[in-house]
Each structure stands twice: as structure tokens, then as C-alpha cells.
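Read the structure below first, then the notes.
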Amino acid sequence: MNRRPGLSTRLKLTLSYAGFLLLAGALLLAVVWLFLLRYVPDGALVAGPGSGVRGAPVQRVAPTRSDLQRAFAPRAGQALFFLLVFGLLGGWLLAGRMLAPLTRIADAARTAANGSLSHRIRMEGPNDEFRELADVFDTMLEQLQSHVTEQQRFAANASHELRTPLAISQTLLDVARSDPTRDHGELIERLHTVNTRAIDLTEALLLLSRGNNRSFTRETVDLSLIAEEATETLLHLAERRGITLDVTGEATHTAGSPALLLRVVSNLVQNAIVHNLPTGGTVTVHTESRHDASVLQVENTGHRLPAQLLPTLTEPFQRGTTRIRTNDHAGVGLGLAIVQSIVRAHDGTLDLTPRPTGGLVVTIRLPRHPR
Ligand SMILES: Nc1ncnc2c1ncn2[C@@H]1O[C@H](COP(=O)(O)OP(=O)(O)O)[C@@H](O)[C@H]1O
Ligand SMILES: [Mg+2]
């Protein structure tokens, strides 16, 4: 950044120290001067007869004002000069000491600006303004570092997941090229499946970034209608797996993007179907308008989930321990991450609670919106 060159803070502090010291000195001298003037009359006067020892008259000569001035002025000048030198020197040293922590913070900021986020100030000493600034700075660096690490991991995972379908396509094409007599119908069918997966994945990634960007228009949405719509499209999947799908509850309004909220409910219901018991499972979608929030709850039967697993499930590319891979709806672990990012963008919260008998209750709380 181009800035006008200016005085350093150390120099400014030094000058103001010295200035104040000089001013205070001058004021003190002025007071002394005024005080002296009160006791020294103007002009060359000889004092009257004083009372000497045994009544002998004594002539005492008082100094005149000009005598006083002659004696006082150079001393006063010297004193002021000394104060100036003392103020500049002392001020320079003091300002240096005071500003030392700032130099450390600036050095750390420069290191961070050059791309090294692992450096910390770790200021010692009692709590003061600089210590607070340093601590805040360290906290900020820590968060920045973990954010960057997370982003890098995300990019690596995304690239890896995107490469898989491309690599499969490549292999299929290689095989087809080396053996032109093979049945192309089957090849095209498999290429189509792989390509669909790549498109789904790319769309999921785009959706995730859209949720993170908060770049959508908000309108009044009835969550119960969204739940109806989502379950209707997933009904055939539930039927194929022998799962009973129920929707209960009342009209529940919130403000947001209907398309994104539909994606939230679809992801949750799809999870509830896919990660359910092999036979005889149930899924319940419930909407409810509470006094503080609009709530949507998806509950499903299923296997028992270890409690320590729950917090990780909303992280991108995190799948549960039992990796359910079926031809339809093979997930890559982005479903709950997308739900989380969209719910956050709507200023809502997402809660995962394991059911004691197995399965999961997912609760979404969104800000209430009057109809
Ligand atoms: N309703 C649910 N019941 C049980 N487990 C679930 C449920 N929803 C999600 N999970 C677990 O959380 C993991 C992450 O979910 P998600 O992000 O949607 O990824 P994916 O469904 O692609 O595996 C799943 O792999 C599964 O183990
Ligand atoms: Mg999923």
C-alpha cells in the first residue's frame, strides 16, 4: 500500500513527552518568577533603616528587578535546555519500551501476511491493552490456520472424489479402444452411470458453495409443504426398501430459499431411508411451529450410532462407519455438509441425536416467520 511518509509513533511520543516536560518546566519557572517579583519592588531602591543589633542603624541593599533578571534568566534558560534534552532522551527510551510489544505484533502480522500462519506471538506479562491485542491476534491466526487446513482438506477430497468417475471413464474408454468388437451398448450404459455420478457430485459441491455464500433470495416458505414435496419424490425409494414414510405436523413458516430448503429436507429424508434398517424400517418427518423457532424433525430407525461419530457426520466427505454402497444413491458424504451449510445460511441450527434403540433424530430449527 502506498502511504504518505509520516513521523514514526516513537518520534511523535518522544516529541510530546519532551514538549510536555518543557511546558511544565516553563510554567514552573514562570510561577517562580512571578513569586519573586512580588517581593522585589521595581527600580533601584534602597531599603529603609533596619533594626540592627543594639539599635545601630544598618543600611541593607535589596537586589533590583534587573539584577534578578540577569541572575535568573540564564539559569532558567539552562534549566529549560536540560529539560528539553532530558525529555527527548527519556521520551525516546520510554516510547521505545512502550512500543516494543507493538513491534512484535507487527512482525507476527508480517509473517502471517507472507503466508506462514503457524507463527504465534505468545506475549507474556500481565494483562494490558497490548497483551489483549496479541492474544486476539493469536486466536485469529489459529482460526485462520484451521480454516485454511479445512479448505485444503476439502479441496483434496473434492478433487479425489471428482477424479474417481473420470478415471473409471478413462478405463472404460481404454478397454473399448483396445477391443473394438465389444458390445458398445453396455459401455455407453456404464459411461452414462459414471457421468451421472460426476454431475451429481459437481452439483453437490456447487450447492455447498452456494449455501456458504448466502447468495439467494428469501421468501416465505411453508416447511410442511416442502416436507410433502420431498417425501413424494422419495416415496418410490422408500417403497423399494420396504420403509414406511410418514409426514406429520402443521403449517410451519420460515423465510428462505424454497429450492435450498427442499434440498435440505430431501437430503435428510434420503439419508433416513438409505441409512435405515434393511427391512421394516420407518421414517417420520414432522414440522412444528414453536414459539421461538420453526422446527423440522426427521426421525428414522436404523443401526445404533456411536456418540463420538455424530459430530463428524456433518463434515464434508465424512461417511458413517458402515459404508452403504448401493447402486442407487451412493453418497459421497456431502449430504449432511450441504444441509449444515444451507441451514447456517438461513440462520438456523442443525442437531443430530441418536435414538436409544438405533437410528437418528435430525432436528432443524429455523427462524420463525409470520405467515
Ligand atoms: N438418518 C440417518 N440415520 C443414520 N445414519 C445417518 C443418517 N444420516 C446420516 N447418517 C450417517 O452420516 C453419514 C454422513 O451422511 P451424509 O453426509 O448424507 O453422507 P452420505 O449419505 O453420502 O454417506 C452417513 O454415511 C451415515 O453414516
Ligand atoms: Mg446422504
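Numbering starts fresh at 1 for the residues of each chain in the C-alpha cells, the chains themselves are lettered A, B, ... in the order given, and ligands are numbered from 1 as they appear.
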
Discussion item. What does the list of residues within 8 Å of ligand 1 look like if you count only C-alpha atoms and all ligand atoms, written as a PyMOL selection string?
Written reply: chain A and resi 267-276+298-303+305+310+313-324+330-338+359-362

Item to complete: Write out as a PyMOL selection string the residues lying within 7 Å of range 162-167 of chain A, counting only C-alpha atoms and excluding same-chain residues fewer than 3 positions away.
Response: chain A and resi 158-159+170-171+194-195+198

Only N, CA, C and O atoms, please: the residues just picked out, written as a CSV table (one decimal), in the first residue's frame.
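This is the output file out.csv:
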chain,number,residue,atom,x,y,z
A,158,ALA,N,-12.4,-33.2,-2.6
A,158,ALA,CA,-13.3,-33.0,-3.7
A,158,ALA,C,-12.6,-33.4,-5.0
A,158,ALA,O,-13.2,-34.1,-5.9
A,159,SER,N,-11.3,-33.1,-5.1
A,159,SER,CA,-10.5,-33.5,-6.3
A,159,SER,C,-10.5,-35.0,-6.4
A,159,SER,O,-10.7,-35.6,-7.5
A,170,GLN,N,-12.1,-43.2,-18.1
A,170,GLN,CA,-10.9,-43.4,-18.9
A,170,GLN,C,-10.6,-44.9,-19.1
A,170,GLN,O,-10.4,-45.3,-20.2
A,171,THR,N,-10.8,-45.7,-18.0
A,171,THR,CA,-10.5,-47.1,-18.1
A,171,THR,C,-11.5,-47.8,-19.1
A,171,THR,O,-11.1,-48.6,-20.0
A,194,VAL,N,-21.5,-43.5,-14.8
A,194,VAL,CA,-20.4,-42.8,-14.1
A,194,VAL,C,-20.5,-41.3,-14.3
A,194,VAL,O,-20.2,-40.5,-13.4
A,195,ASN,N,-20.9,-40.9,-15.5
A,195,ASN,CA,-21.0,-39.5,-15.8
A,195,ASN,C,-22.1,-38.8,-14.9
A,195,ASN,O,-21.9,-37.7,-14.4
A,198,ALA,N,-20.7,-38.1,-11.6
A,198,ALA,CA,-19.8,-37.0,-11.6
A,198,ALA,C,-20.6,-35.7,-11.6
A,198,ALA,O,-20.2,-34.7,-10.9

Discussion item. Could you list, as a ChimeraX atom specification, every residue within 8 Å of Ala230 in chain A, counting only C-alpha atoms and ignoring same-chain residues fewer than 6 positions away?
Written reply: /A:262,265-266,269

Worksheet item: Quick one: distance from CA of Glu288 in chain A to CA of Leu225 in chain A in Å, one decimal?
Response: 12.1 Å

Worksheet entry | Close residues, range 117-126 of chain A itself excluded, 12 Å, only C-alpha atoms, min 5 positions apart in chain, as a PyMOL selection string | chain A and resi 100-112+131-149

Discussion item. Using only C-alpha atoms and all ligand atoms, can you tell me which of A:Leu350, A:Leu277, A:Leu223, A:Ala204 comes closest to ligand 2?
Written reply: A:Ala204

Discussion item. For a test of reading the model, state the distance in Å between CA of Val221 in chain A and CA of Thr254 in chain A, rounded to one decimal.
Written reply: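 Spanning CA of Val221 in chain A to CA of Thr254 in chain A is a straight-line distance of 5.4 Å.
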
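Taking only C-alpha atoms and all ligand atoms into account, ligand 2 lies nearest to A:Val339 out of the set A:Ile226, A:Leu28, A:Gln152, A:Val339.
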
Worksheet item: Do you know which residues are at most 7 Å from range 6-19 of chain A counting only C-alpha atoms, after dropping those on the same chain fewer than 2 positions away, and could you put them as a ChimeraX atom specification?
Response: /A:4,21-23,84,87-88,91-92,95-96

Practice prompt. Might you pull out every residue within 10 Å of Thr244 in chain A, with only C-alpha atoms counted and same-chain residues fewer than 5 positions away left off, and present them as a PyMOL selection string?
Written response: chain A and resi 235+238-239+273+280-284+300

Could you write out the selected residues, including N, CA and C atoms, as a PDB file, in the first residue's frame?
ATOM      1  N   LEU A 235     -40.671 -41.320  -2.322  1.00  0.00           N
ATOM      2  CA  LEU A 235     -41.573 -42.391  -1.902  1.00  0.00           C
ATOM      3  C   LEU A 235     -41.216 -43.729  -2.550  1.00  0.00           C
ATOM      4  N   ALA A 238     -38.345 -45.362  -0.822  1.00  0.00           N
ATOM      5  CA  ALA A 238     -38.747 -45.943   0.462  1.00  0.00           C
ATOM      6  C   ALA A 238     -39.502 -47.249   0.236  1.00  0.00           C
ATOM      7  N   GLU A 239     -40.386 -47.234  -0.754  1.00  0.00           N
ATOM      8  CA  GLU A 239     -41.179 -48.443  -1.033  1.00  0.00           C
ATOM      9  C   GLU A 239     -40.276 -49.593  -1.451  1.00  0.00           C
ATOM     10  N   ILE A 273     -33.848 -42.845   4.752  1.00  0.00           N
ATOM     11  CA  ILE A 273     -34.249 -44.071   4.045  1.00  0.00           C
ATOM     12  C   ILE A 273     -33.037 -44.978   3.818  1.00  0.00           C
ATOM     13  N   GLY A 280     -38.249 -53.355   7.207  1.00  0.00           N
ATOM     14  CA  GLY A 280     -39.203 -52.920   8.226  1.00  0.00           C
ATOM     15  C   GLY A 280     -38.858 -51.625   8.933  1.00  0.00           C
ATOM     16  N   GLY A 281     -38.112 -50.787   8.301  1.00  0.00           N
ATOM     17  CA  GLY A 281     -37.755 -49.505   8.926  1.00  0.00           C
ATOM     18  C   GLY A 281     -38.870 -48.475   8.797  1.00  0.00           C
ATOM     19  N   THR A 282     -38.773 -47.429   9.617  1.00  0.00           N
ATOM     20  CA  THR A 282     -39.737 -46.327   9.496  1.00  0.00           C
ATOM     21  C   THR A 282     -38.997 -44.983   9.443  1.00  0.00           C
ATOM     22  N   VAL A 283     -39.658 -44.040   8.778  1.00  0.00           N
ATOM     23  CA  VAL A 283     -39.144 -42.663   8.719  1.00  0.00           C
ATOM     24  C   VAL A 283     -40.314 -41.730   9.003  1.00  0.00           C
ATOM     25  N   THR A 284     -40.127 -40.796   9.935  1.00  0.00           N
ATOM     26  CA  THR A 284     -41.170 -39.810  10.225  1.00  0.00           C
ATOM     27  C   THR A 284     -40.623 -38.411  10.014  1.00  0.00           C
ATOM     28  N   ASN A 300     -35.634 -41.595  12.122  1.00  0.00           N
ATOM     29  CA  ASN A 300     -35.657 -42.895  11.445  1.00  0.00           C
ATOM     30  C   ASN A 300     -35.095 -43.992  12.324  1.00  0.00           C
TER      31      ASN A 300
END

Item to complete: Kindly indicate which residue among A:Val343, A:Leu93, A:Leu201, A:Ala307 lies nearest to ligand 2, using only C-alpha atoms and all ligand atoms for the distances.
Response: A:Leu201

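Every protein or nucleic acid residue with an atom no more than 10 Å from Ser215 in chain A, counting only C-alpha atoms and leaving out same-chain residues fewer than 4 positions away, appears here: Ser209, Arg210, Gly211, Ser257 and Ala345 of chain A.
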
Worksheet item: Which is closest to ligand 2 among A:Arg153, A:Arg263, A:Thr357, A:Ala30, if we use only C-alpha atoms and all ligand atoms?
Response: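 Among A:Arg153, A:Arg263, A:Thr357, A:Ala30, it is A:Arg263 that comes nearest to ligand 2.
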
Discussion item. As an NGL selection string, please: every residue in range 260-344 of chain A that DSSP puts in helix (DSSP H, G or I).
Written reply: :A and (260-274 or 307-312 or 335-344)
